[in-house]
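Heads up: the structure comes next, in structure tokens.
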Amino acid sequence: GSEIAEAIKNLWEQKLFSDVQIYAEKIQGTNIFLVIKLKERERISRYAFRGVSKSEADDIRESLDLYSGKILTEDMKHRINQISRGYFIDKGYLKTSVKLVSKVDTLVNNGVFLTIHIDKKERIKIGNIEIEGNDNLSDAKIKRAMKKTKEKQWYRIFWRSKFMHSTYAADKKAIIEK
């Protein structure tokens with residue numbers, strides 16, 4: 001009845017199991033013998049990064065909060081992907097791709113070895129800033145108002161011309177104020 005449906009719902013909400021089955025094994029008079037069959041989700045036994053330096057992997061590792069024995073859910077896979085991509089997007093690598101590969105770990109019961117493959121691709125650089133629809137100020141004054149967003153120039157050897165959303169948004173506000 002409704003108690004069995006509620007029991008299944010409660011087991012699913014715990015997100016500890018990948019399969020929940022309840023069925024009647026035998027019926028004797030007014031007694032029903034139920035069998036509850038559960039399949040536990042995989043747990044992370046170890047994980048490693050591929051395609052990034054050790055210092056980058058350490059920085060990502062701090063924000064991921066992964067540890068041995070943690071249950072690997074689809075939400076967690078999505079979170080790992082988002083945090084890893086976000087780390088490199090902040091560094092100017094806007095086309096970063098992350099691929100998670102889980103392999104059964106024979107050393108740990110129900111454990112998986114998770115490999116996080118990260119392909120940074122190329123850093124996005126600003127080659128040229130074109131200003132359209134401007135009648136009030138010169139293009140040079142508008143470009144000077146942008147403190148962090150700069151074009152790639154041969155004489156700018158100490159400053160990078162990488163594109164970052166956060167600095168671009170601040171520079172856009174500065175242009176509007178000017």
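Residue names in the structure tokens use chain letters A, B, ... in the order shown, residue numbers from 1 in each chain, and ligand numbers from 1 in the order shown.
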Legend entry - Spatial neighbours of Ala48 (chain A), max dist 7 Å, only C-alpha atoms, sep filter under 6 positions, as a list of chain:residue names: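 So the residues in contact are A:Leu114, A:Thr115, A:Ile116.
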Legend entry - Selection near Val35 (chain A), 8 Å with only C-alpha atoms, sequence-local residues under 5 positions removed, as a list in words: Gln21, Ile22, Tyr23, Ala24 and Glu25 of chain A
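Comparing A:Val104, A:Leu137, A:Leu11, A:Val98 by their smallest distance to Val52 (chain A), the closest is A:Val98 (using only C-alpha atoms).
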Inset, instruction - Find the spatial neighbours of region 73-83 of chain A, counting only C-alpha atoms, within a cut-off of 10 Å - ignore same-chain residues fewer than 2 positions away - and output them as a list in words. - result: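 Near neighbours after the sequence-gap exclusion: Lys15, Leu16, Phe17, Ser18, Arg41, Glu42, Arg43, Ile60, Arg61, Ser63, Leu64, Asp65, Leu66, Lys70, Ile71, Arg85, Gly86, Tyr87, Phe88, Ile89, Ser97, Val98, Lys99, Leu100, Ile116, His117 and Ile118 of chain A.
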Restricting it to N, CA, C and O atoms, dump the selection as an mmCIF file, in the first residue's frame.
data_model
loop_
_atom_site.group_PDB
_atom_site.id
_atom_site.type_symbol
_atom_site.label_atom_id
_atom_site.label_comp_id
_atom_site.auth_asym_id
_atom_site.auth_seq_id
_atom_site.Cartn_x
_atom_site.Cartn_y
_atom_site.Cartn_z
ATOM 1 N N LYS A 15 19.583 9.312 -1.344
ATOM 2 C CA LYS A 15 20.578 9.320 -2.429
ATOM 3 C C LYS A 15 21.771 8.422 -2.127
ATOM 4 O O LYS A 15 22.879 8.669 -2.561
ATOM 5 N N LEU A 16 21.541 7.374 -1.373
ATOM 6 C CA LEU A 16 22.584 6.406 -1.066
ATOM 7 C C LEU A 16 22.512 5.183 -1.970
ATOM 8 O O LEU A 16 23.464 4.415 -2.040
ATOM 9 N N PHE A 17 21.379 5.024 -2.665
ATOM 10 C CA PHE A 17 21.161 3.807 -3.439
ATOM 11 C C PHE A 17 20.879 4.133 -4.904
ATOM 12 O O PHE A 17 20.220 5.114 -5.216
ATOM 13 N N SER A 18 21.391 3.260 -5.784
ATOM 14 C CA SER A 18 21.131 3.446 -7.203
ATOM 15 C C SER A 18 19.958 2.592 -7.676
ATOM 16 O O SER A 18 19.436 2.809 -8.761
ATOM 17 N N ARG A 41 25.101 3.019 -4.049
ATOM 18 C CA ARG A 41 25.852 3.799 -5.037
ATOM 19 C C ARG A 41 27.342 3.581 -4.835
ATOM 20 O O ARG A 41 27.793 3.237 -3.753
ATOM 21 N N GLU A 42 28.083 3.868 -5.898
ATOM 22 C CA GLU A 42 29.533 3.745 -5.836
ATOM 23 C C GLU A 42 30.112 4.805 -4.910
ATOM 24 O O GLU A 42 29.581 5.897 -4.781
ATOM 25 N N ARG A 43 31.220 4.466 -4.290
ATOM 26 C CA ARG A 43 31.930 5.400 -3.430
ATOM 27 C C ARG A 43 33.307 5.680 -4.020
ATOM 28 O O ARG A 43 33.924 4.804 -4.603
ATOM 29 N N ILE A 60 42.229 23.294 -7.176
ATOM 30 C CA ILE A 60 40.893 22.751 -7.463
ATOM 31 C C ILE A 60 40.484 21.790 -6.354
ATOM 32 O O ILE A 60 39.330 21.787 -5.905
ATOM 33 N N ARG A 61 41.417 20.984 -5.891
ATOM 34 C CA ARG A 61 41.144 19.986 -4.849
ATOM 35 C C ARG A 61 40.604 20.654 -3.576
ATOM 36 O O ARG A 61 39.720 20.112 -2.913
ATOM 37 N N SER A 63 38.727 23.302 -3.306
ATOM 38 C CA SER A 63 37.334 23.733 -3.426
ATOM 39 C C SER A 63 36.364 22.589 -3.716
ATOM 40 O O SER A 63 35.163 22.765 -3.584
ATOM 41 N N LEU A 64 36.875 21.411 -4.083
ATOM 42 C CA LEU A 64 35.983 20.289 -4.412
ATOM 43 C C LEU A 64 35.426 19.575 -3.187
ATOM 44 O O LEU A 64 34.315 19.066 -3.222
ATOM 45 N N ASP A 65 36.185 19.460 -2.125
ATOM 46 C CA ASP A 65 35.760 18.745 -0.920
ATOM 47 C C ASP A 65 35.452 17.276 -1.227
ATOM 48 O O ASP A 65 34.396 16.760 -0.885
ATOM 49 N N LEU A 66 36.387 16.611 -1.904
ATOM 50 C CA LEU A 66 36.258 15.174 -2.173
ATOM 51 C C LEU A 66 37.137 14.406 -1.192
ATOM 52 O O LEU A 66 38.207 14.877 -0.817
ATOM 53 N N LYS A 70 33.349 8.944 -0.091
ATOM 54 C CA LYS A 70 32.206 9.804 -0.422
ATOM 55 C C LYS A 70 31.411 9.176 -1.576
ATOM 56 O O LYS A 70 31.980 8.665 -2.527
ATOM 57 N N ILE A 71 30.104 9.220 -1.478
ATOM 58 C CA ILE A 71 29.234 8.621 -2.488
ATOM 59 C C ILE A 71 29.251 9.464 -3.754
ATOM 60 O O ILE A 71 29.117 10.683 -3.705
ATOM 61 N N ARG A 85 35.800 23.613 -14.301
ATOM 62 C CA ARG A 85 35.711 24.554 -15.423
ATOM 63 C C ARG A 85 35.773 25.994 -14.931
ATOM 64 O O ARG A 85 36.453 26.828 -15.514
ATOM 65 N N GLY A 86 35.070 26.287 -13.851
ATOM 66 C CA GLY A 86 35.043 27.640 -13.308
ATOM 67 C C GLY A 86 36.416 28.137 -12.895
ATOM 68 O O GLY A 86 36.746 29.316 -13.076
ATOM 69 N N TYR A 87 37.242 27.247 -12.363
ATOM 70 C CA TYR A 87 38.595 27.624 -11.965
ATOM 71 C C TYR A 87 39.386 28.146 -13.172
ATOM 72 O O TYR A 87 40.057 29.177 -13.092
ATOM 73 N N PHE A 88 39.289 27.455 -14.296
ATOM 74 C CA PHE A 88 40.052 27.864 -15.473
ATOM 75 C C PHE A 88 39.385 28.999 -16.242
ATOM 76 O O PHE A 88 40.068 29.780 -16.891
ATOM 77 N N ILE A 89 38.085 29.103 -16.169
ATOM 78 C CA ILE A 89 37.403 30.242 -16.797
ATOM 79 C C ILE A 89 37.858 31.528 -16.118
ATOM 80 O O ILE A 89 38.090 32.539 -16.781
ATOM 81 N N SER A 97 37.409 22.102 -21.119
ATOM 82 C CA SER A 97 36.483 20.967 -21.063
ATOM 83 C C SER A 97 36.959 20.000 -19.981
ATOM 84 O O SER A 97 38.154 19.819 -19.771
ATOM 85 N N VAL A 98 35.993 19.402 -19.298
ATOM 86 C CA VAL A 98 36.274 18.476 -18.206
ATOM 87 C C VAL A 98 35.551 17.172 -18.499
ATOM 88 O O VAL A 98 34.375 17.173 -18.855
ATOM 89 N N LYS A 99 36.286 16.067 -18.352
ATOM 90 C CA LYS A 99 35.694 14.749 -18.577
ATOM 91 C C LYS A 99 36.002 13.890 -17.356
ATOM 92 O O LYS A 99 37.144 13.814 -16.915
ATOM 93 N N LEU A 100 34.973 13.269 -16.799
ATOM 94 C CA LEU A 100 35.138 12.406 -15.630
ATOM 95 C C LEU A 100 35.088 10.946 -16.068
ATOM 96 O O LEU A 100 34.163 10.542 -16.771
ATOM 97 N N ILE A 116 39.834 12.798 -13.300
ATOM 98 C CA ILE A 116 39.272 14.058 -13.803
ATOM 99 C C ILE A 116 40.212 14.571 -14.890
ATOM 100 O O ILE A 116 41.298 15.065 -14.589
ATOM 101 N N HIS A 117 39.801 14.408 -16.151
ATOM 102 C CA HIS A 117 40.599 14.858 -17.290
ATOM 103 C C HIS A 117 40.192 16.289 -17.615
ATOM 104 O O HIS A 117 39.032 16.556 -17.914
ATOM 105 N N ILE A 118 41.157 17.203 -17.574
ATOM 106 C CA ILE A 118 40.887 18.607 -17.858
ATOM 107 C C ILE A 118 41.718 19.040 -19.057
ATOM 108 O O ILE A 118 42.932 18.859 -19.074
#
Inset, instruction - May I have all residues of region 11-176 of chain A that DSSP, computed from the backbone, assigns to strand (DSSP E or B), given as a PyMOL selection string? - result: chain A and resi 17-28+31-40+43-50+71+97-105+111-119+125+162
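You will find CA of Trp12 (chain A) at 24.5 Å from CA of Val101 (chain A).
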Inset, instruction - Rank nothing, just name the residue among A:Lys178, A:Asn128, A:Phe113, A:Val20 nearest to Ala5 (chain A), using only C-alpha atoms. - result: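 Nearest candidate to Ala5 (chain A) out of A:Lys178, A:Asn128, A:Phe113, A:Val20: A:Val20.
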Legend entry - Pick from A:Ala140, A:Asn110, A:Ile131, A:Ile36, whichever lies nearest to Ile8 (chain A) using only C-alpha atoms: A:Ile36
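With distances restricted to only C-alpha atoms, A:Asp90 is the closest residue to Lys120 (chain A) from A:Asp19, A:Glu177, A:Glu3, A:Asp90.
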Legend entry - In region 33-153 of chain A, DSSP alpha helix (DSSP H) residues written as a PyMOL selection string: chain A and resi 54-64+74-90+139-145
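Candidate residues A:Leu72, A:Leu94, A:Ile129, A:Ile44 were compared for distance to Gly111 (chain A), and the nearest is A:Ile44, using only C-alpha atoms.
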Inset, instruction - To one decimal in Å, tell me the separation between CA of Ile175 (chain A) and CA of Asn136 (chain A). - result: 11.6 Å
Inset, instruction - Excluding Tyr67 (chain A) and any residue of its chain fewer than 6 positions from it, enumerate the residues within 9 Å of it, using only C-alpha atoms, and give them as a list in words. - result: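 Counting only C-alpha atoms, the residues come to Ile44, Ser45, Arg46 and Tyr47 of chain A.
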Take the residues just selected and output them with N, CA and C atoms as a PDB file, in the first residue's frame.
ATOM      1  N   ILE A  44      33.763   6.903  -3.854  1.00  0.00           N
ATOM      2  CA  ILE A  44      35.078   7.277  -4.365  1.00  0.00           C
ATOM      3  C   ILE A  44      36.143   6.683  -3.452  1.00  0.00           C
ATOM      4  N   SER A  45      37.018   5.857  -4.031  1.00  0.00           N
ATOM      5  CA  SER A  45      38.134   5.333  -3.236  1.00  0.00           C
ATOM      6  C   SER A  45      39.357   6.230  -3.412  1.00  0.00           C
ATOM      7  N   ARG A  46      39.593   6.675  -4.643  1.00  0.00           N
ATOM      8  CA  ARG A  46      40.702   7.587  -4.945  1.00  0.00           C
ATOM      9  C   ARG A  46      40.291   8.447  -6.126  1.00  0.00           C
ATOM     10  N   TYR A  47      40.984   9.572  -6.287  1.00  0.00           N
ATOM     11  CA  TYR A  47      40.758  10.397  -7.470  1.00  0.00           C
ATOM     12  C   TYR A  47      42.049  11.098  -7.854  1.00  0.00           C
TER      13      TYR A  47
END
Legend entry - Point-to-point distance from CA of Glu56 (chain A) to CA of Ser84 (chain A), Å rounded to tenths: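 These two atoms are separated by 9.8 Å.
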